[in-house]
$ cat run-v5.cif   # mmCIF, C-alpha atoms
data_query
#
loop_
_atom_site.label_atom_id
_atom_site.label_comp_id
_atom_site.auth_asym_id
_atom_site.auth_seq_id
_atom_site.Cartn_x
_atom_site.Cartn_y
_atom_site.Cartn_z
CA MET A 1478 117.86 13.79 -33.46
CA THR A 1479 116.56 12.50 -36.79
CA THR A 1480 117.73 8.97 -35.92
CA ALA A 1481 115.90 9.10 -32.59
CA LEU A 1482 112.71 10.22 -34.33
CA ARG A 1483 112.92 7.28 -36.70
CA ARG A 1484 113.73 4.68 -34.06
CA TYR A 1485 111.41 5.80 -31.29
CA PRO A 1486 108.50 7.72 -32.85
CA VAL A 1487 106.03 6.68 -30.16
CA LEU A 1488 108.39 7.68 -27.34
CA VAL A 1489 109.04 11.07 -28.95
CA ALA A 1490 105.31 11.63 -29.45
CA LEU A 1491 104.64 10.80 -25.79
CA CYS A 1492 107.37 13.18 -24.65
CA LEU A 1493 105.95 15.99 -26.78
CA ALA A 1494 102.44 15.31 -25.49
CA ALA A 1495 103.70 15.38 -21.89
CA LEU A 1496 105.53 18.65 -22.58
CA PHE A 1497 102.42 20.29 -23.99
CA MET A 1498 100.38 19.14 -20.98
CA VAL A 1499 102.92 20.27 -18.38
CA LEU A 1500 103.89 23.56 -20.06
CA PRO A 1501 100.66 25.47 -19.22
CA PHE A 1502 100.95 24.45 -15.57
CA LEU A 1503 104.58 25.61 -15.45
CA ILE A 1504 103.65 28.97 -16.98
CA VAL A 1505 100.87 29.43 -14.42
CA ALA A 1506 103.21 28.47 -11.56
CA VAL A 1507 105.92 30.89 -12.73
CA ASN A 1508 103.51 33.81 -13.14
CA ALA A 1509 101.91 33.14 -9.77
CA PHE A 1510 105.16 34.22 -8.08
CA LYS A 1511 105.69 37.39 -10.12
CA SER A 1512 104.84 40.90 -9.08
CA PRO A 1513 102.40 42.85 -11.29
CA ALA A 1514 105.27 45.14 -12.32
CA GLU A 1515 107.43 42.20 -13.46
CA TYR A 1516 104.54 40.74 -15.41
CA SER A 1517 103.85 44.06 -17.15
CA GLN A 1518 107.50 44.68 -18.03
CA HIS A 1519 108.70 41.23 -19.09
CA GLY A 1520 105.53 39.35 -20.05
CA PRO A 1521 104.23 35.91 -19.05
CA LEU A 1522 107.17 33.86 -20.37
CA SER A 1523 109.94 35.47 -18.31
CA LEU A 1524 111.26 34.06 -15.05
CA PRO A 1525 110.40 35.90 -11.82
CA GLY A 1526 113.11 38.06 -10.30
CA GLY A 1527 112.11 37.10 -6.78
CA PHE A 1528 109.61 35.10 -4.76
CA TYR A 1529 106.53 37.31 -4.79
CA VAL A 1530 103.72 35.72 -2.73
CA ASP A 1531 101.43 38.69 -2.19
CA GLY A 1532 99.19 37.52 -5.02
CA LEU A 1533 98.70 34.15 -3.32
CA LYS A 1534 98.05 35.80 0.05
CA ASP A 1535 95.60 38.33 -1.37
CA PHE A 1536 93.61 35.67 -3.19
CA TRP A 1537 93.62 33.38 -0.14
CA GLN A 1538 92.21 36.11 2.09
CA ARG A 1539 89.82 37.56 -0.46
CA VAL A 1540 87.91 34.33 -1.13
CA ASP A 1541 88.48 32.70 2.28
CA TYR A 1542 90.33 29.91 0.50
CA SER A 1543 90.55 27.70 3.60
CA GLN A 1544 86.76 27.38 3.73
CA LYS A 1545 86.50 26.85 -0.03
CA LEU A 1546 89.19 24.18 0.11
CA LEU A 1547 87.39 22.40 2.94
CA ASN A 1548 84.12 22.47 0.98
CA SER A 1549 85.75 21.09 -2.17
CA VAL A 1550 87.55 18.30 -0.32
CA LEU A 1551 84.42 17.37 1.61
CA ILE A 1552 82.15 17.34 -1.44
CA SER A 1553 84.63 15.57 -3.74
CA GLY A 1554 85.59 12.99 -1.11
CA CYS A 1555 81.99 12.16 -0.21
CA VAL A 1556 80.97 11.93 -3.86
CA ALA A 1557 83.92 9.66 -4.68
CA VAL A 1558 83.13 7.22 -1.86
CA LEU A 1559 79.34 7.24 -2.21
CA ALA A 1560 79.42 7.02 -6.01
CA ALA A 1561 81.86 4.09 -5.84
CA VAL A 1562 79.62 2.24 -3.35
CA LEU A 1563 76.50 2.91 -5.43
CA SER A 1564 78.32 1.79 -8.58
CA ILE A 1565 79.37 -1.45 -6.89
CA LEU A 1566 75.81 -2.23 -5.78
CA ASN A 1567 74.33 -1.44 -9.19
CA ALA A 1568 77.02 -3.30 -11.11
CA TYR A 1569 76.69 -6.35 -8.84
CA ALA A 1570 73.00 -6.57 -9.63
CA ILE A 1571 73.52 -6.01 -13.35
CA GLY A 1572 76.79 -7.84 -14.00
CA ILE A 1573 76.50 -10.81 -11.65
CA GLY A 1574 72.84 -10.86 -10.66
CA ARG A 1575 71.85 -10.71 -14.32
CA ILE A 1576 68.64 -8.75 -13.74
CA LYS A 1577 65.96 -8.75 -16.41
CA GLY A 1578 66.31 -6.10 -19.08
CA ARG A 1579 70.03 -5.75 -18.41
CA THR A 1580 70.70 -4.15 -21.80
CA TRP A 1581 68.01 -1.52 -21.32
CA VAL A 1582 69.20 -0.73 -17.81
CA LEU A 1583 72.77 -0.20 -19.06
CA ALA A 1584 71.43 1.97 -21.88
CA PHE A 1585 69.65 4.09 -19.28
CA PHE A 1586 72.89 4.58 -17.33
CA VAL A 1587 74.76 5.49 -20.52
CA LEU A 1588 72.07 8.03 -21.39
CA ALA A 1589 72.27 9.54 -17.92
CA ASN A 1590 76.03 9.85 -18.29
CA VAL A 1591 75.99 11.60 -21.68
CA LEU A 1592 73.28 14.16 -20.89
CA PRO A 1593 74.77 17.69 -20.80
CA GLN A 1594 74.62 19.40 -17.45
CA GLU A 1595 72.95 22.41 -19.05
CA ALA A 1596 69.89 20.22 -19.63
CA LEU A 1597 69.87 19.15 -15.97
CA VAL A 1598 70.30 22.54 -14.33
CA TYR A 1599 66.68 23.67 -14.11
CA PRO A 1600 65.10 20.28 -13.19
CA LEU A 1601 67.72 19.74 -10.48
CA TYR A 1602 67.38 23.32 -9.24
CA TYR A 1603 63.59 22.96 -8.98
CA LEU A 1604 63.82 19.56 -7.27
CA ILE A 1605 66.44 20.70 -4.76
CA LYS A 1606 64.36 23.78 -3.92
CA GLN A 1607 61.28 21.62 -3.37
CA VAL A 1608 62.98 19.28 -0.91
CA GLY A 1609 64.62 22.15 1.02
CA LEU A 1610 68.25 21.35 0.23
CA TYR A 1611 69.06 24.41 -1.85
CA ASP A 1612 72.36 26.11 -0.96
CA THR A 1613 73.61 23.11 1.01
CA ARG A 1614 76.64 20.96 0.34
CA LEU A 1615 74.45 17.88 0.72
CA SER A 1616 72.51 18.80 -2.41
CA VAL A 1617 75.68 18.87 -4.53
CA ILE A 1618 76.90 15.62 -2.98
CA ILE A 1619 73.62 13.85 -3.82
CA VAL A 1620 73.50 15.18 -7.39
CA PHE A 1621 77.08 14.30 -8.27
CA THR A 1622 76.88 10.92 -6.54
CA VAL A 1623 74.09 9.98 -8.93
CA ILE A 1624 75.83 11.47 -11.97
CA GLN A 1625 79.21 9.87 -11.29
CA SER A 1626 77.70 6.51 -10.38
CA ALA A 1627 76.11 6.31 -13.83
CA PHE A 1628 79.56 6.02 -15.38
CA GLY A 1629 80.81 3.79 -12.56
CA THR A 1630 77.87 1.42 -12.98
CA TYR A 1631 78.47 1.11 -16.71
CA LEU A 1632 82.20 0.42 -16.26
CA LEU A 1633 81.88 -2.00 -13.35
CA SER A 1634 79.01 -3.88 -15.00
CA SER A 1635 81.26 -4.81 -17.90
CA VAL A 1636 84.00 -5.86 -15.46
CA LEU A 1637 81.74 -7.91 -13.20
CA GLY A 1638 80.01 -9.46 -16.20
CA GLN A 1639 83.29 -11.34 -16.82
CA PHE A 1640 83.71 -12.32 -13.17
CA PRO A 1641 84.49 -16.08 -12.80
CA ARG A 1642 81.28 -17.89 -11.91
CA GLU A 1643 83.25 -20.71 -10.32
CA VAL A 1644 84.52 -18.38 -7.58
CA ILE A 1645 81.02 -17.18 -6.77
CA GLU A 1646 79.58 -20.70 -6.73
CA ALA A 1647 82.40 -21.88 -4.46
CA ALA A 1648 81.65 -19.06 -2.02
CA ARG A 1649 77.94 -19.93 -2.00
CA ILE A 1650 78.70 -23.59 -1.41
CA ASP A 1651 80.76 -22.52 1.62
CA GLY A 1652 77.65 -20.82 3.00
CA ALA A 1653 78.18 -17.20 1.94
CA ASN A 1654 75.05 -15.15 1.29
CA GLN A 1655 74.67 -12.43 -1.34
CA TRP A 1656 76.19 -9.66 0.81
CA GLN A 1657 79.13 -11.82 1.84
CA VAL A 1658 79.81 -12.77 -1.78
CA LEU A 1659 79.77 -9.08 -2.71
CA TRP A 1660 81.97 -7.65 0.06
CA ARG A 1661 84.30 -10.61 0.68
CA VAL A 1662 84.75 -11.98 -2.84
CA VAL A 1663 83.74 -9.52 -5.56
CA VAL A 1664 84.97 -6.24 -4.03
CA PRO A 1665 88.49 -7.48 -3.09
CA VAL A 1666 89.03 -8.90 -6.57
CA SER A 1667 87.72 -5.70 -8.21
CA ARG A 1668 89.67 -3.37 -5.91
CA PRO A 1669 92.02 -2.01 -8.64
CA THR A 1670 89.09 -0.93 -10.82
CA ILE A 1671 87.30 0.57 -7.84
CA GLY A 1672 90.45 2.50 -6.96
CA VAL A 1673 90.53 3.99 -10.45
CA LEU A 1674 86.90 5.07 -10.09
CA LEU A 1675 87.61 6.72 -6.74
CA VAL A 1676 90.43 8.79 -8.25
CA PHE A 1677 88.39 9.80 -11.29
CA PHE A 1678 85.28 10.63 -9.25
CA PHE A 1679 87.27 12.88 -6.92
CA ILE A 1680 89.01 14.82 -9.69
CA TRP A 1681 85.89 15.12 -11.85
CA THR A 1682 83.84 16.44 -8.96
CA TRP A 1683 86.62 18.82 -7.91
CA ASN A 1684 86.61 20.42 -11.37
CA GLU A 1685 82.83 20.82 -11.63
CA PHE A 1686 81.65 24.39 -11.97
CA LEU A 1687 78.15 24.83 -13.41
CA LEU A 1688 76.01 22.85 -10.98
CA PRO A 1689 77.87 24.04 -7.84
CA LEU A 1690 77.54 27.60 -9.15
CA VAL A 1691 73.76 27.18 -9.37
CA MET A 1692 73.27 25.15 -6.19
CA LEU A 1693 75.66 26.97 -3.85
CA ILE A 1694 75.07 30.71 -3.63
CA SER A 1695 76.45 31.52 -0.18
CA ASN A 1696 80.17 32.09 0.31
CA ASP A 1697 80.38 29.59 3.15
CA ASN A 1698 79.26 26.71 0.92
CA GLN A 1699 81.02 27.50 -2.35
CA THR A 1700 83.79 25.33 -3.77
CA VAL A 1701 87.20 26.37 -5.08
CA SER A 1702 86.15 26.29 -8.73
CA VAL A 1703 83.09 28.46 -8.05
CA ALA A 1704 85.16 30.96 -6.05
CA LEU A 1705 87.64 31.24 -8.93
CA GLY A 1706 84.92 31.86 -11.49
CA VAL A 1707 82.96 34.35 -9.39
CA LEU A 1708 85.99 36.41 -8.42
CA GLN A 1709 87.31 36.56 -11.98
CA GLY A 1710 83.88 37.55 -13.22
CA GLN A 1711 83.94 40.53 -10.87
CA ARG A 1712 87.23 41.76 -12.46
CA LEU A 1713 88.89 42.07 -9.07
CA MET A 1714 92.16 40.32 -9.97
CA ASP A 1715 95.22 41.32 -11.96
CA ALA A 1716 97.18 38.88 -14.13
CA THR A 1717 99.48 37.63 -11.37
CA MET A 1718 96.63 37.07 -8.94
CA THR A 1719 94.73 35.22 -11.66
CA ASN A 1720 97.68 32.85 -12.05
CA ALA A 1721 97.96 32.50 -8.28
CA ALA A 1722 94.27 31.62 -8.11
CA ALA A 1723 94.65 29.07 -10.91
CA LEU A 1724 97.63 27.51 -9.13
CA LEU A 1725 95.75 27.20 -5.84
CA GLY A 1726 92.78 25.79 -7.69
CA VAL A 1727 94.61 23.02 -9.52
CA LEU A 1728 97.29 22.17 -6.94
CA PRO A 1729 95.11 20.11 -4.51
CA ALA A 1730 93.73 17.98 -7.34
CA LEU A 1731 97.25 17.49 -8.70
CA VAL A 1732 98.54 16.43 -5.29
CA PHE A 1733 95.64 13.99 -4.92
CA PHE A 1734 96.40 12.54 -8.36
CA LEU A 1735 100.09 12.12 -7.57
CA VAL A 1736 99.36 10.49 -4.21
CA PHE A 1737 97.06 7.93 -5.84
CA GLN A 1738 99.04 7.58 -9.05
CA ARG A 1739 100.12 4.06 -8.15
CA THR A 1740 96.51 3.05 -7.53
CA LEU A 1741 95.50 4.47 -10.90
CA THR A 1742 98.38 2.79 -12.73
CA ARG A 1743 97.73 -0.56 -11.06
CA GLY A 1744 94.03 -0.44 -11.91
CA ILE A 1745 94.66 0.39 -15.56
CA ALA A 1746 97.35 -2.28 -15.82
CA VAL A 1747 95.06 -4.94 -14.32
CA GLY A 1748 92.30 -3.94 -16.71
CA ALA A 1749 94.68 -4.19 -19.66
CA VAL A 1750 95.87 -7.67 -18.60
CA LYS A 1751 92.32 -8.90 -18.19
#
$ encode --input "run-v5.cif" --output "structure tokens"
Amino acid sequence: MTTALRRYPVLVALCLAALFMVLPFLIVAVNAFKSPAEYSQHGPLSLPGGFYVDGLKDFWQRVDYSQKLLNSVLISGCVAVLAAVLSILNAYAIGIGRIKGRTWVLAFFVLANVLPQEALVYPLYYLIKQVGLYDTRLSVIIVFTVIQSAFGTYLLSSVLGQFPREVIEAARIDGANQWQVLWRVVVPVSRPTIGVLLVFFFIWTWNEFLLPLVMLISNDNQTVSVALGVLQGQRLMDATMTNAAALLGVLPALVFFLVFQRTLTRGIAVGAVK
């Protein structure tokens, strides 16, 4: 063991980091299938004696999880796509179009990305109320599309700023206009980076809690994260149901991440090579 630590310190550190990241999820998954009696008698670190699913069923029915799941998927998916498109358009103008005041524009996007959501709650709440979109999924989609695209614009601008000018000039000589250069030349080449943004935008939006809690007050429009927080705040769940709720909350995002893991790995690898 000591020899392995000396020879492969980085590998051992990565394994320990992975263990610490996976361990909480495993504990939650194990406790989600325990009965309240088993949890009380043996604690959170023991293995379940059977396959107890009443906690999952009770939570599913109590919060109408099917509707909450649909809302979260719809909002996160729309935000991921729209924010990626908006980021591409902004970054194309900044990185390749070389608009005037490029540095100040990028600084504005960085500032928008680092502002805490607590500072945005009341202005956004007032604005959404004024335009008549309060308690609608569209309001959350619009807000998070703008917020996520701030980061996407900053990242893609640095990528497109290094885009080969010879390729763009060759496309223009062949008769391509600005839109054709963007969608037929720039986007295909930048597809790995765009794929990474889509994955990040989806997961980040899925995990958002504060703004959806303020903007979505009706049960039919709430997301999974809001339903988890509201139900726990009402003290209506025991320990096993809390773990079941946490498992159902994180599982869709985990599945999405695993499905698009290759896209994420390819995009990071391409960025590292460049």
$ resolve_selection --input "run-v5.cif" --expression "the PyMOL selection byres ((chain A and resi 1611-1613) around 7)" --output "ChimeraX atom specification"
/A:1605-1606,1609-1610,1614-1616,1692-1695,1698
$ closest_residue --input "run-v5.cif" --among "A:Phe1586, A:Pro1593, A:Val1623, A:Tyr1569" --to "A:Gln1639" --atoms "only C-alpha atoms"
A:Tyr1569
$ resolve_selection --input "run-v5.cif" --expression "the PyMOL selection byres ((chain A and resi 1526) around 12)" --output "PyMOL selection string"
chain A and resi 1507-1508+1510-1516+1518-1519+1523-1525+1527-1529
$ residues_around --input "run-v5.cif" --residues "A:Gln1655" --least-positions-apart "2" --cutoff "12 Å" --atoms "only C-alpha atoms" --output "CSV table (one decimal) with C-alpha atoms, in the coordinates of the input"
chain,number,residue,atom,x,y,z
A,1566,LEU,CA,75.8,-2.2,-5.8
A,1569,TYR,CA,76.7,-6.4,-8.8
A,1570,ALA,CA,73.0,-6.6,-9.6
A,1573,ILE,CA,76.5,-10.8,-11.6
A,1574,GLY,CA,72.8,-10.9,-10.7
A,1645,ILE,CA,81.0,-17.2,-6.8
A,1646,GLU,CA,79.6,-20.7,-6.7
A,1648,ALA,CA,81.6,-19.1,-2.0
A,1649,ARG,CA,77.9,-19.9,-2.0
A,1650,ILE,CA,78.7,-23.6,-1.4
A,1652,GLY,CA,77.6,-20.8,3.0
A,1653,ALA,CA,78.2,-17.2,1.9
A,1657,GLN,CA,79.1,-11.8,1.8
A,1658,VAL,CA,79.8,-12.8,-1.8
A,1659,LEU,CA,79.8,-9.1,-2.7
A,1660,TRP,CA,82.0,-7.6,0.1
A,1661,ARG,CA,84.3,-10.6,0.7
A,1662,VAL,CA,84.8,-12.0,-2.8
A,1663,VAL,CA,83.7,-9.5,-5.6
$ resolve_selection --input "run-v5.cif" --expression "the PyMOL selection byres ((chain A and resi 1534-1548) around 7)" --output "JSON list (two decimals) with C-alpha atoms, in the coordinates of the input"
[["chain", "number", "residue", "atom", "x", "y", "z"],
["A", 1530, "VAL", "CA", 103.72, 35.72, -2.73],
["A", 1531, "ASP", "CA", 101.43, 38.69, -2.19],
["A", 1532, "GLY", "CA", 99.19, 37.52, -5.02],
["A", 1533, "LEU", "CA", 98.70, 34.15, -3.32],
["A", 1549, "SER", "CA", 85.75, 21.09, -2.17],
["A", 1550, "VAL", "CA", 87.55, 18.30, -0.32],
["A", 1551, "LEU", "CA", 84.42, 17.37, 1.61],
["A", 1552, "ILE", "CA", 82.15, 17.34, -1.44],
["A", 1697, "ASP", "CA", 80.38, 29.59, 3.15],
["A", 1698, "ASN", "CA", 79.26, 26.71, 0.92],
["A", 1699, "GLN", "CA", 81.02, 27.50, -2.35],
["A", 1700, "THR", "CA", 83.79, 25.33, -3.77],
["A", 1701, "VAL", "CA", 87.20, 26.37, -5.08],
["A", 1704, "ALA", "CA", 85.16, 30.96, -6.05],
["A", 1718, "MET", "CA", 96.63, 37.07, -8.94],
["A", 1722, "ALA", "CA", 94.27, 31.62, -8.11]]
$ residues_around --input "run-v5.cif" --residues "A:Ser1564" --least-positions-apart "3" --cutoff "6 Å" --atoms "only C-alpha atoms" --output "list in words"
Ala1560, Ala1561, Asn1567, Ala1568, Ser1626, Gly1629 and Thr1630 of chain A
$ atom_distance --input "run-v5.cif" --atom1 "atom CA of A:Pro1521" --atom2 "atom CA of A:Leu1705"
20.0 Å
$ decode --input "run-v5.cif" --residues "stretch 1571-1582 of chain A" --atoms "all heavy atoms" --output "short mmCIF file (atom, residue, chain, number, x, y, z; two decimals), in the first residue's frame"
data_model
loop_
_atom_site.label_atom_id
_atom_site.label_comp_id
_atom_site.auth_asym_id
_atom_site.auth_seq_id
_atom_site.Cartn_x
_atom_site.Cartn_y
_atom_site.Cartn_z
N ILE A 1571 -18.88 38.86 -30.78
CA ILE A 1571 -17.76 39.35 -29.98
C ILE A 1571 -16.44 38.74 -30.42
O ILE A 1571 -15.44 39.45 -30.59
CB ILE A 1571 -18.00 39.06 -28.49
CG1 ILE A 1571 -19.24 39.81 -27.99
CG2 ILE A 1571 -16.79 39.46 -27.66
CD1 ILE A 1571 -19.66 39.43 -26.59
N GLY A 1572 -16.42 37.42 -30.62
CA GLY A 1572 -15.17 36.73 -30.90
C GLY A 1572 -14.71 36.83 -32.34
O GLY A 1572 -13.51 36.97 -32.60
N ILE A 1573 -15.66 36.77 -33.28
CA ILE A 1573 -15.29 36.80 -34.70
C ILE A 1573 -15.63 38.15 -35.32
O ILE A 1573 -14.87 38.69 -36.12
CB ILE A 1573 -16.01 35.66 -35.46
CG1 ILE A 1573 -15.46 34.31 -34.96
CG2 ILE A 1573 -15.82 35.79 -36.96
CD1 ILE A 1573 -16.08 33.10 -35.63
N GLY A 1574 -16.80 38.69 -34.96
CA GLY A 1574 -17.18 39.99 -35.50
C GLY A 1574 -16.33 41.13 -34.99
O GLY A 1574 -16.24 42.17 -35.65
N ARG A 1575 -15.72 40.93 -33.82
CA ARG A 1575 -14.84 41.94 -33.23
C ARG A 1575 -15.56 43.28 -33.10
O ARG A 1575 -15.16 44.31 -33.66
CB ARG A 1575 -13.58 42.13 -34.09
CG ARG A 1575 -12.73 40.89 -34.21
CD ARG A 1575 -12.08 40.54 -32.89
NE ARG A 1575 -11.18 39.39 -33.01
CZ ARG A 1575 -10.49 38.89 -32.00
NH1 ARG A 1575 -10.58 39.43 -30.81
NH2 ARG A 1575 -9.72 37.83 -32.16
N ILE A 1576 -16.67 43.29 -32.37
CA ILE A 1576 -17.43 44.51 -32.17
C ILE A 1576 -16.61 45.50 -31.35
O ILE A 1576 -15.67 45.13 -30.66
CB ILE A 1576 -18.77 44.21 -31.46
CG1 ILE A 1576 -18.51 43.63 -30.07
CG2 ILE A 1576 -19.63 43.28 -32.29
CD1 ILE A 1576 -19.75 43.43 -29.26
N LYS A 1577 -17.00 46.77 -31.45
CA LYS A 1577 -16.29 47.80 -30.70
C LYS A 1577 -16.57 47.65 -29.21
O LYS A 1577 -17.68 47.31 -28.81
CB LYS A 1577 -16.73 49.18 -31.18
CG LYS A 1577 -16.32 49.48 -32.62
CD LYS A 1577 -16.74 50.88 -33.01
CE LYS A 1577 -16.30 51.20 -34.45
NZ LYS A 1577 -16.70 52.57 -34.87
N GLY A 1578 -15.58 47.94 -28.41
CA GLY A 1578 -15.72 47.81 -26.97
C GLY A 1578 -15.83 46.37 -26.52
O GLY A 1578 -16.54 46.07 -25.55
N ARG A 1579 -15.13 45.48 -27.20
CA ARG A 1579 -15.23 44.05 -26.91
C ARG A 1579 -14.87 43.74 -25.46
O ARG A 1579 -15.54 42.94 -24.80
CB ARG A 1579 -14.30 43.29 -27.86
CG ARG A 1579 -14.21 41.79 -27.62
CD ARG A 1579 -13.35 41.14 -28.68
NE ARG A 1579 -13.25 39.70 -28.46
CZ ARG A 1579 -12.29 39.13 -27.74
NH1 ARG A 1579 -11.36 39.88 -27.18
NH2 ARG A 1579 -12.27 37.82 -27.58
N THR A 1580 -13.84 44.39 -24.95
CA THR A 1580 -13.41 44.13 -23.57
C THR A 1580 -14.48 44.52 -22.57
O THR A 1580 -14.76 43.78 -21.61
CB THR A 1580 -12.11 44.89 -23.26
OG1 THR A 1580 -11.10 44.52 -24.23
CG2 THR A 1580 -11.62 44.58 -21.86
N TRP A 1581 -15.12 45.66 -22.80
CA TRP A 1581 -16.16 46.12 -21.88
C TRP A 1581 -17.40 45.24 -21.96
O TRP A 1581 -18.07 45.00 -20.94
CB TRP A 1581 -16.51 47.57 -22.18
CG TRP A 1581 -15.42 48.52 -21.84
CD1 TRP A 1581 -14.57 49.15 -22.71
CD2 TRP A 1581 -15.03 48.93 -20.53
NE1 TRP A 1581 -13.66 49.92 -22.02
CE2 TRP A 1581 -13.93 49.81 -20.67
CE3 TRP A 1581 -15.48 48.64 -19.25
CZ2 TRP A 1581 -13.29 50.41 -19.59
CZ3 TRP A 1581 -14.86 49.24 -18.16
CH2 TRP A 1581 -13.78 50.11 -18.33
N VAL A 1582 -17.71 44.77 -23.14
CA VAL A 1582 -18.86 43.88 -23.29
C VAL A 1582 -18.62 42.58 -22.55
O VAL A 1582 -19.50 42.07 -21.84
CB VAL A 1582 -19.15 43.62 -24.79
CG1 VAL A 1582 -20.24 42.56 -24.94
CG2 VAL A 1582 -19.57 44.90 -25.48
#
